[in-house]
Amino acid sequence: MKWSRFLGTRLMMLVIIAVVALFDWSAAVRLLTAVALTGATTTALNPGGASDINQALKIFFNEPVAEDIVYDSELLSLFEEDNNVKQDETTGGRYIETAQYFQLPAGVGARAENEYIPVPDGPVIQNSRVFLKKIQGVLEMTGDVMRRVKGDLGAYLNWAERAMPDLVKRVDHEIDRMLLGYGNGALARVNALPDGTHIDVDRSFGITGAGPAWLNFLEGMRIVASLNANGSPLRNAGASQSAQVLAVNPALGVAGRLTTDANQAALVANDYLFPGDAAGASTQDATGTDREVEGLFGMVDDGTLLATFQNLARGTFILWQSVMVDASAVPFQQVVTEDVLVFADDITFLRGMGKPDAIITSRSGARGYWKSLKGDRVINVGTSGQGTDYRGGFGQGADRPGKFGLSVLLGDRAVPLKAVRKCPETVTFGIQLDTFKRWTLGGWQWDDTTGAVWNRVTDATGRKDAYFAVGNMYMQMGNLAPRKNFRINNLVTT
């Protein structure tokens, strides 16, 4: 991480001295003297240094964590951030109100002299209220580690340099998955149960045909299960409702096999899997409200997956339905090609005046598009005479649009393709970025409601010699014009 490399520099030490000076000038003088005379990279904190590491966590690791989450995520940085968030005075819930304009307030017609002018009809405006979702991350250290680092700022920073990137990686795994799903939290479906510690999975996000499903899992994560795609009720609800994923094997089963510490006793084939543990789950709540952030499958949909989007029924409001293209129809051959992308773009413009400026696809989709380009293009010899100017493969552009990567000419626009690791191989999205919003409430915030960031771990037996810190990130995704975006379905692996 760019900020973790910065933490080890002398410039960072000067920053630390400046921050310490805000709280304790004498401590800052002692710290500056120690650095000047000895060149040491660590120094003692004030007596009772637990309060100092609370400050260090908030000062050094609030914004960097938020920035790295956005920077390292495959999708998050594509969407414009909007901080115009309100708070419900009764419940305290954070929400956004949007106004959708479905009919123009105008009357237009051709008339002869001295005839009546056209009669305008009123506009059709629908308001929707969208609530932010809360994403949480937790760090924990044993009492021995806490006692060792709380008296030495350098040791604390060294510990954090390792812990924070791991936290960012874990949060990004979940966010990248959420940004492709449709809010219900489903990871996959159980295809088969070879034995009591293995689960074969299929249907990424619980969607028929979507895969490979194993990409939504990470070693060490805990999962819960339910017969229903909304996560209610959970199998073996209570202390034994979760299983820990020990290994993810993409080569076994129809779409990957999980090894767990022990499957839930009631788990059966066709159950749906969700992130969760003994304390809770990322499913819908008891009222049917999603706990997770909305993703592309929900925002770019015609009502097949998500009948109601941002509190408006897609069956009632046609402009709330995104454009669906069937890649199995003639002549597309179920592969991402220039033909199918141009067709999808044309239909999107005709039906919704949309002009997508980014193509989100899988590695398989990018590979298929690259193959189609190779098949009907002549590769010219380079100007040096020593070879070709052609850059093989689809290069960095598969991850970073516009940088030596693939693009397609759609009308007057060169639109980049971005290959996303967790994107199912059966679909490709065409999105007009200015129709999307990423609503947030500030950045990452470590919870110090009780006056301290670090809290002692307790369980049903008692208090443990360990401490935890929890951070919160409020966010929700939305789309103000779904009809300006398309999804190509029924692609095959290439």
# chains A, B, ... in the order shown; residues from 1 in each chain; ligands from 1
$ select_by_dssp --residues "range 151-344 of chain A" --states "strand (DSSP E)" --output "PyMOL selection string"
chain A and resi 188-195+198-202+222-226+243-249+257-260+272-277+280-281+308-309+312-313+323-326
$ residues_around --residues "range 299-304 of chain A" --least-positions-apart "6" --cutoff "8 Å" --atoms "only C-alpha atoms" --output "list in words"
Tyr182, Arg314, Gly315, Trp320, Gln321, Ser322, Val323, Met324, Phe429, Gly478, Asn479, Pro482, Asn485, Phe486 and Arg487 of chain A
$ select_by_dssp --residues "range 307-465 of chain A" --states "helix (DSSP H, G or I)" --output "number ranges by chain"
A: 318-320, 338-352, 363-375, 396-398, 433-435
$ atom_distance --atom1 "CA of His173 in chain A" --atom2 "CA of Glu74 in chain A"
9.5 Å
$ atom_distance --atom1 "CA of Leu75 in chain A" --atom2 "CA of Ala163 in chain A"
23.1 Å
$ residues_around --residues "Gln432 in chain A" --least-positions-apart "4" --cutoff "10 Å" --atoms "only C-alpha atoms" --output "number ranges by chain"
A: 354-359, 436, 479, 481-486
$ residues_around --residues "Asp434 in chain A" --least-positions-apart "3" --cutoff "9 Å" --atoms "only C-alpha atoms" --output "JSON list (two decimals) with all heavy atoms, in the first residue's frame"
[["chain", "number", "residue", "atom", "x", "y", "z"],
["A", 79, "PHE", "N", -17.27, 4.95, -9.78],
["A", 79, "PHE", "CA", -18.53, 5.63, -9.54],
["A", 79, "PHE", "C", -18.32, 6.91, -8.74],
["A", 79, "PHE", "O", -17.58, 6.94, -7.75],
["A", 79, "PHE", "CB", -19.49, 4.70, -8.81],
["A", 79, "PHE", "CG", -19.74, 3.42, -9.54],
["A", 79, "PHE", "CD1", -19.28, 2.21, -9.05],
["A", 79, "PHE", "CD2", -20.40, 3.42, -10.75],
["A", 79, "PHE", "CE1", -19.50, 1.03, -9.72],
["A", 79, "PHE", "CE2", -20.63, 2.24, -11.46],
["A", 79, "PHE", "CZ", -20.17, 1.05, -10.94],
["A", 80, "GLU", "N", -19.00, 7.96, -9.15],
["A", 80, "GLU", "CA", -18.88, 9.27, -8.53],
["A", 80, "GLU", "C", -19.41, 9.24, -7.09],
["A", 80, "GLU", "O", -20.49, 8.70, -6.82],
["A", 80, "GLU", "CB", -19.67, 10.30, -9.34],
["A", 80, "GLU", "CG", -19.66, 11.70, -8.75],
["A", 80, "GLU", "CD", -20.58, 12.64, -9.51],
["A", 80, "GLU", "OE1", -21.17, 12.22, -10.52],
["A", 80, "GLU", "OE2", -20.69, 13.80, -9.09],
["A", 431, "ILE", "N", -22.44, 0.48, -19.07],
["A", 431, "ILE", "CA", -22.94, 1.44, -18.09],
["A", 431, "ILE", "C", -22.58, 2.88, -18.48],
["A", 431, "ILE", "O", -21.47, 3.14, -18.95],
["A", 431, "ILE", "CB", -22.45, 1.13, -16.67],
["A", 431, "ILE", "CG1", -20.92, 1.16, -16.58],
["A", 431, "ILE", "CG2", -22.96, -0.23, -16.21],
["A", 431, "ILE", "CD1", -20.39, 0.97, -15.17],
["A", 437, "LYS", "N", -24.63, 6.70, -8.84],
["A", 437, "LYS", "CA", -24.21, 7.45, -7.66],
["A", 437, "LYS", "C", -23.64, 6.49, -6.62],
["A", 437, "LYS", "O", -24.15, 5.38, -6.44],
["A", 437, "LYS", "CB", -25.39, 8.21, -7.04],
["A", 437, "LYS", "CG", -25.89, 9.40, -7.86],
["A", 437, "LYS", "CD", -24.89, 10.55, -7.83],
["A", 437, "LYS", "CE", -25.45, 11.78, -8.53],
["A", 437, "LYS", "NZ", -24.50, 12.90, -8.51],
["A", 479, "ASN", "N", -28.83, 4.25, -9.08],
["A", 479, "ASN", "CA", -28.83, 4.62, -10.50],
["A", 479, "ASN", "C", -30.04, 5.49, -10.77],
["A", 479, "ASN", "O", -31.17, 5.13, -10.41],
["A", 479, "ASN", "CB", -28.87, 3.37, -11.38],
["A", 479, "ASN", "CG", -28.60, 3.69, -12.84],
["A", 479, "ASN", "OD1", -29.38, 4.36, -13.48],
["A", 479, "ASN", "ND2", -27.48, 3.21, -13.35],
["A", 480, "LEU", "N", -29.82, 6.64, -11.37],
["A", 480, "LEU", "CA", -30.89, 7.61, -11.61],
["A", 480, "LEU", "C", -31.54, 7.44, -12.97],
["A", 480, "LEU", "O", -32.55, 8.11, -13.25],
["A", 480, "LEU", "CB", -30.33, 9.03, -11.47],
["A", 480, "LEU", "CG", -29.63, 9.34, -10.14],
["A", 480, "LEU", "CD1", -29.17, 10.78, -10.11],
["A", 480, "LEU", "CD2", -30.54, 9.04, -8.96]]
$ decode --residues "range 456-493 of chain A" --atoms "N, CA, C and O atoms" --output "PDB file, in the first residue's frame"
ATOM      1  N   ARG A 456     -12.401  -4.282  25.311  1.00  0.00           N
ATOM      2  CA  ARG A 456     -12.060  -5.640  25.737  1.00  0.00           C
ATOM      3  C   ARG A 456     -13.064  -6.653  25.170  1.00  0.00           C
ATOM      4  O   ARG A 456     -14.264  -6.403  25.135  1.00  0.00           O
ATOM      5  N   VAL A 457     -12.543  -7.783  24.709  1.00  0.00           N
ATOM      6  CA  VAL A 457     -13.378  -8.852  24.183  1.00  0.00           C
ATOM      7  C   VAL A 457     -14.053  -9.585  25.335  1.00  0.00           C
ATOM      8  O   VAL A 457     -13.418  -9.925  26.335  1.00  0.00           O
ATOM      9  N   THR A 458     -15.354  -9.802  25.201  1.00  0.00           N
ATOM     10  CA  THR A 458     -16.099 -10.576  26.195  1.00  0.00           C
ATOM     11  C   THR A 458     -16.917 -11.644  25.475  1.00  0.00           C
ATOM     12  O   THR A 458     -17.232 -11.519  24.294  1.00  0.00           O
ATOM     13  N   ASP A 459     -17.255 -12.696  26.189  1.00  0.00           N
ATOM     14  CA  ASP A 459     -18.181 -13.694  25.657  1.00  0.00           C
ATOM     15  C   ASP A 459     -19.092 -14.149  26.787  1.00  0.00           C
ATOM     16  O   ASP A 459     -19.121 -13.535  27.867  1.00  0.00           O
ATOM     17  N   ALA A 460     -19.831 -15.240  26.577  1.00  0.00           N
ATOM     18  CA  ALA A 460     -20.798 -15.689  27.575  1.00  0.00           C
ATOM     19  C   ALA A 460     -20.131 -16.125  28.873  1.00  0.00           C
ATOM     20  O   ALA A 460     -20.750 -16.101  29.942  1.00  0.00           O
ATOM     21  N   THR A 461     -18.861 -16.501  28.790  1.00  0.00           N
ATOM     22  CA  THR A 461     -18.147 -16.960  29.983  1.00  0.00           C
ATOM     23  C   THR A 461     -17.612 -15.801  30.803  1.00  0.00           C
ATOM     24  O   THR A 461     -17.668 -15.811  32.032  1.00  0.00           O
ATOM     25  N   GLY A 462     -17.101 -14.779  30.126  1.00  0.00           N
ATOM     26  CA  GLY A 462     -16.539 -13.649  30.853  1.00  0.00           C
ATOM     27  C   GLY A 462     -15.691 -12.774  29.955  1.00  0.00           C
ATOM     28  O   GLY A 462     -15.832 -12.779  28.732  1.00  0.00           O
ATOM     29  N   ARG A 463     -14.768 -12.025  30.582  1.00  0.00           N
ATOM     30  CA  ARG A 463     -13.910 -11.097  29.851  1.00  0.00           C
ATOM     31  C   ARG A 463     -12.606 -11.797  29.472  1.00  0.00           C
ATOM     32  O   ARG A 463     -11.997 -12.473  30.291  1.00  0.00           O
ATOM     33  N   LYS A 464     -12.164 -11.589  28.218  1.00  0.00           N
ATOM     34  CA  LYS A 464     -10.953 -12.242  27.730  1.00  0.00           C
ATOM     35  C   LYS A 464      -9.800 -11.247  27.698  1.00  0.00           C
ATOM     36  O   LYS A 464     -10.002 -10.024  27.664  1.00  0.00           O
ATOM     37  N   ASP A 465      -8.588 -11.796  27.698  1.00  0.00           N
ATOM     38  CA  ASP A 465      -7.398 -10.954  27.612  1.00  0.00           C
ATOM     39  C   ASP A 465      -7.128 -10.654  26.145  1.00  0.00           C
ATOM     40  O   ASP A 465      -6.163 -11.118  25.542  1.00  0.00           O
ATOM     41  N   ALA A 466      -8.030  -9.873  25.542  1.00  0.00           N
ATOM     42  CA  ALA A 466      -7.930  -9.501  24.134  1.00  0.00           C
ATOM     43  C   ALA A 466      -8.743  -8.231  23.925  1.00  0.00           C
ATOM     44  O   ALA A 466      -9.645  -7.912  24.711  1.00  0.00           O
ATOM     45  N   TYR A 467      -8.401  -7.510  22.858  1.00  0.00           N
ATOM     46  CA  TYR A 467      -9.049  -6.230  22.578  1.00  0.00           C
ATOM     47  C   TYR A 467      -9.447  -6.171  21.103  1.00  0.00           C
ATOM     48  O   TYR A 467      -8.773  -6.742  20.242  1.00  0.00           O
ATOM     49  N   PHE A 468     -10.544  -5.468  20.827  1.00  0.00           N
ATOM     50  CA  PHE A 468     -10.990  -5.319  19.443  1.00  0.00           C
ATOM     51  C   PHE A 468     -11.327  -3.865  19.149  1.00  0.00           C
ATOM     52  O   PHE A 468     -11.649  -3.083  20.054  1.00  0.00           O
ATOM     53  N   ALA A 469     -11.223  -3.504  17.863  1.00  0.00           N
ATOM     54  CA  ALA A 469     -11.632  -2.191  17.377  1.00  0.00           C
ATOM     55  C   ALA A 469     -12.517  -2.406  16.158  1.00  0.00           C
ATOM     56  O   ALA A 469     -12.223  -3.249  15.312  1.00  0.00           O
ATOM     57  N   VAL A 470     -13.601  -1.650  16.076  1.00  0.00           N
ATOM     58  CA  VAL A 470     -14.531  -1.802  14.957  1.00  0.00           C
ATOM     59  C   VAL A 470     -14.628  -0.488  14.192  1.00  0.00           C
ATOM     60  O   VAL A 470     -14.697   0.587  14.791  1.00  0.00           O
ATOM     61  N   GLY A 471     -14.579  -0.580  12.861  1.00  0.00           N
ATOM     62  CA  GLY A 471     -14.724   0.589  12.003  1.00  0.00           C
ATOM     63  C   GLY A 471     -15.991   0.483  11.172  1.00  0.00           C
ATOM     64  O   GLY A 471     -16.438  -0.620  10.831  1.00  0.00           O
ATOM     65  N   ASN A 472     -16.571   1.633  10.841  1.00  0.00           N
ATOM     66  CA  ASN A 472     -17.821   1.674  10.083  1.00  0.00           C
ATOM     67  C   ASN A 472     -17.638   2.473   8.803  1.00  0.00           C
ATOM     68  O   ASN A 472     -16.916   3.471   8.775  1.00  0.00           O
ATOM     69  N   MET A 473     -18.316   2.039   7.771  1.00  0.00           N
ATOM     70  CA  MET A 473     -18.323   2.745   6.492  1.00  0.00           C
ATOM     71  C   MET A 473     -19.756   2.720   5.966  1.00  0.00           C
ATOM     72  O   MET A 473     -20.323   1.643   5.752  1.00  0.00           O
ATOM     73  N   TYR A 474     -20.360   3.888   5.815  1.00  0.00           N
ATOM     74  CA  TYR A 474     -21.735   3.983   5.335  1.00  0.00           C
ATOM     75  C   TYR A 474     -21.728   4.270   3.837  1.00  0.00           C
ATOM     76  O   TYR A 474     -21.093   5.220   3.387  1.00  0.00           O
ATOM     77  N   MET A 475     -22.464   3.459   3.078  1.00  0.00           N
ATOM     78  CA  MET A 475     -22.430   3.597   1.627  1.00  0.00           C
ATOM     79  C   MET A 475     -23.673   2.969   1.009  1.00  0.00           C
ATOM     80  O   MET A 475     -24.280   2.057   1.575  1.00  0.00           O
ATOM     81  N   GLN A 476     -24.069   3.473  -0.120  1.00  0.00           N
ATOM     82  CA  GLN A 476     -25.087   2.828  -0.946  1.00  0.00           C
ATOM     83  C   GLN A 476     -24.867   3.240  -2.401  1.00  0.00           C
ATOM     84  O   GLN A 476     -24.414   4.350  -2.674  1.00  0.00           O
ATOM     85  N   MET A 477     -25.169   2.325  -3.288  1.00  0.00           N
ATOM     86  CA  MET A 477     -25.095   2.594  -4.720  1.00  0.00           C
ATOM     87  C   MET A 477     -26.497   2.844  -5.260  1.00  0.00           C
ATOM     88  O   MET A 477     -27.473   2.285  -4.769  1.00  0.00           O
ATOM     89  N   GLY A 478     -26.575   3.684  -6.285  1.00  0.00           N
ATOM     90  CA  GLY A 478     -27.868   3.947  -6.910  1.00  0.00           C
ATOM     91  C   GLY A 478     -27.702   4.304  -8.366  1.00  0.00           C
ATOM     92  O   GLY A 478     -26.603   4.603  -8.845  1.00  0.00           O
ATOM     93  N   ASN A 479     -28.829   4.254  -9.083  1.00  0.00           N
ATOM     94  CA  ASN A 479     -28.829   4.618 -10.499  1.00  0.00           C
ATOM     95  C   ASN A 479     -30.043   5.494 -10.766  1.00  0.00           C
ATOM     96  O   ASN A 479     -31.167   5.128 -10.413  1.00  0.00           O
ATOM     97  N   LEU A 480     -29.821   6.636 -11.367  1.00  0.00           N
ATOM     98  CA  LEU A 480     -30.886   7.606 -11.607  1.00  0.00           C
ATOM     99  C   LEU A 480     -31.539   7.441 -12.970  1.00  0.00           C
ATOM    100  O   LEU A 480     -32.550   8.106 -13.251  1.00  0.00           O
ATOM    101  N   ALA A 481     -30.995   6.567 -13.827  1.00  0.00           N
ATOM    102  CA  ALA A 481     -31.568   6.354 -15.158  1.00  0.00           C
ATOM    103  C   ALA A 481     -31.209   4.946 -15.645  1.00  0.00           C
ATOM    104  O   ALA A 481     -30.360   4.773 -16.526  1.00  0.00           O
ATOM    105  N   PRO A 482     -31.831   3.913 -15.091  1.00  0.00           N
ATOM    106  CA  PRO A 482     -31.487   2.535 -15.460  1.00  0.00           C
ATOM    107  C   PRO A 482     -31.626   2.246 -16.949  1.00  0.00           C
ATOM    108  O   PRO A 482     -30.915   1.397 -17.494  1.00  0.00           O
ATOM    109  N   ARG A 483     -32.535   2.957 -17.644  1.00  0.00           N
ATOM    110  CA  ARG A 483     -32.789   2.688 -19.060  1.00  0.00           C
ATOM    111  C   ARG A 483     -31.598   3.067 -19.942  1.00  0.00           C
ATOM    112  O   ARG A 483     -31.530   2.663 -21.104  1.00  0.00           O
ATOM    113  N   LYS A 484     -30.670   3.821 -19.414  1.00  0.00           N
ATOM    114  CA  LYS A 484     -29.491   4.235 -20.183  1.00  0.00           C
ATOM    115  C   LYS A 484     -28.347   3.221 -20.077  1.00  0.00           C
ATOM    116  O   LYS A 484     -27.222   3.497 -20.488  1.00  0.00           O
ATOM    117  N   ASN A 485     -28.619   2.057 -19.516  1.00  0.00           N
ATOM    118  CA  ASN A 485     -27.598   1.035 -19.305  1.00  0.00           C
ATOM    119  C   ASN A 485     -28.096  -0.308 -19.833  1.00  0.00           C
ATOM    120  O   ASN A 485     -29.305  -0.561 -19.874  1.00  0.00           O
ATOM    121  N   PHE A 486     -27.161  -1.171 -20.223  1.00  0.00           N
ATOM    122  CA  PHE A 486     -27.570  -2.476 -20.759  1.00  0.00           C
ATOM    123  C   PHE A 486     -26.815  -3.617 -20.084  1.00  0.00           C
ATOM    124  O   PHE A 486     -25.744  -3.420 -19.490  1.00  0.00           O
ATOM    125  N   ARG A 487     -27.428  -4.806 -20.196  1.00  0.00           N
ATOM    126  CA  ARG A 487     -26.756  -6.031 -19.739  1.00  0.00           C
ATOM    127  C   ARG A 487     -26.919  -7.081 -20.823  1.00  0.00           C
ATOM    128  O   ARG A 487     -28.023  -7.336 -21.297  1.00  0.00           O
ATOM    129  N   ILE A 488     -25.800  -7.679 -21.220  1.00  0.00           N
ATOM    130  CA  ILE A 488     -25.807  -8.772 -22.189  1.00  0.00           C
ATOM    131  C   ILE A 488     -25.806 -10.088 -21.412  1.00  0.00           C
ATOM    132  O   ILE A 488     -24.921 -10.320 -20.576  1.00  0.00           O
ATOM    133  N   ASN A 489     -26.780 -10.938 -21.646  1.00  0.00           N
ATOM    134  CA  ASN A 489     -26.943 -12.188 -20.918  1.00  0.00           C
ATOM    135  C   ASN A 489     -26.617 -13.391 -21.808  1.00  0.00           C
ATOM    136  O   ASN A 489     -26.512 -13.280 -23.033  1.00  0.00           O
ATOM    137  N   ASN A 490     -26.472 -14.549 -21.150  1.00  0.00           N
ATOM    138  CA  ASN A 490     -26.310 -15.836 -21.835  1.00  0.00           C
ATOM    139  C   ASN A 490     -25.020 -15.953 -22.629  1.00  0.00           C
ATOM    140  O   ASN A 490     -24.981 -16.599 -23.694  1.00  0.00           O
ATOM    141  N   LEU A 491     -23.935 -15.362 -22.129  1.00  0.00           N
ATOM    142  CA  LEU A 491     -22.620 -15.551 -22.726  1.00  0.00           C
ATOM    143  C   LEU A 491     -22.043 -16.896 -22.265  1.00  0.00           C
ATOM    144  O   LEU A 491     -22.461 -17.449 -21.244  1.00  0.00           O
ATOM    145  N   VAL A 492     -21.089 -17.397 -23.009  1.00  0.00           N
ATOM    146  CA  VAL A 492     -20.424 -18.642 -22.631  1.00  0.00           C
ATOM    147  C   VAL A 492     -18.947 -18.359 -22.356  1.00  0.00           C
ATOM    148  O   VAL A 492     -18.407 -17.332 -22.766  1.00  0.00           O
ATOM    149  N   THR A 493     -18.306 -19.288 -21.659  1.00  0.00           N
ATOM    150  CA  THR A 493     -16.884 -19.141 -21.328  1.00  0.00           C
ATOM    151  C   THR A 493     -16.037 -19.282 -22.583  1.00  0.00           C
ATOM    152  O   THR A 493     -16.261 -20.200 -23.403  1.00  0.00           O
TER     153      THR A 493
END
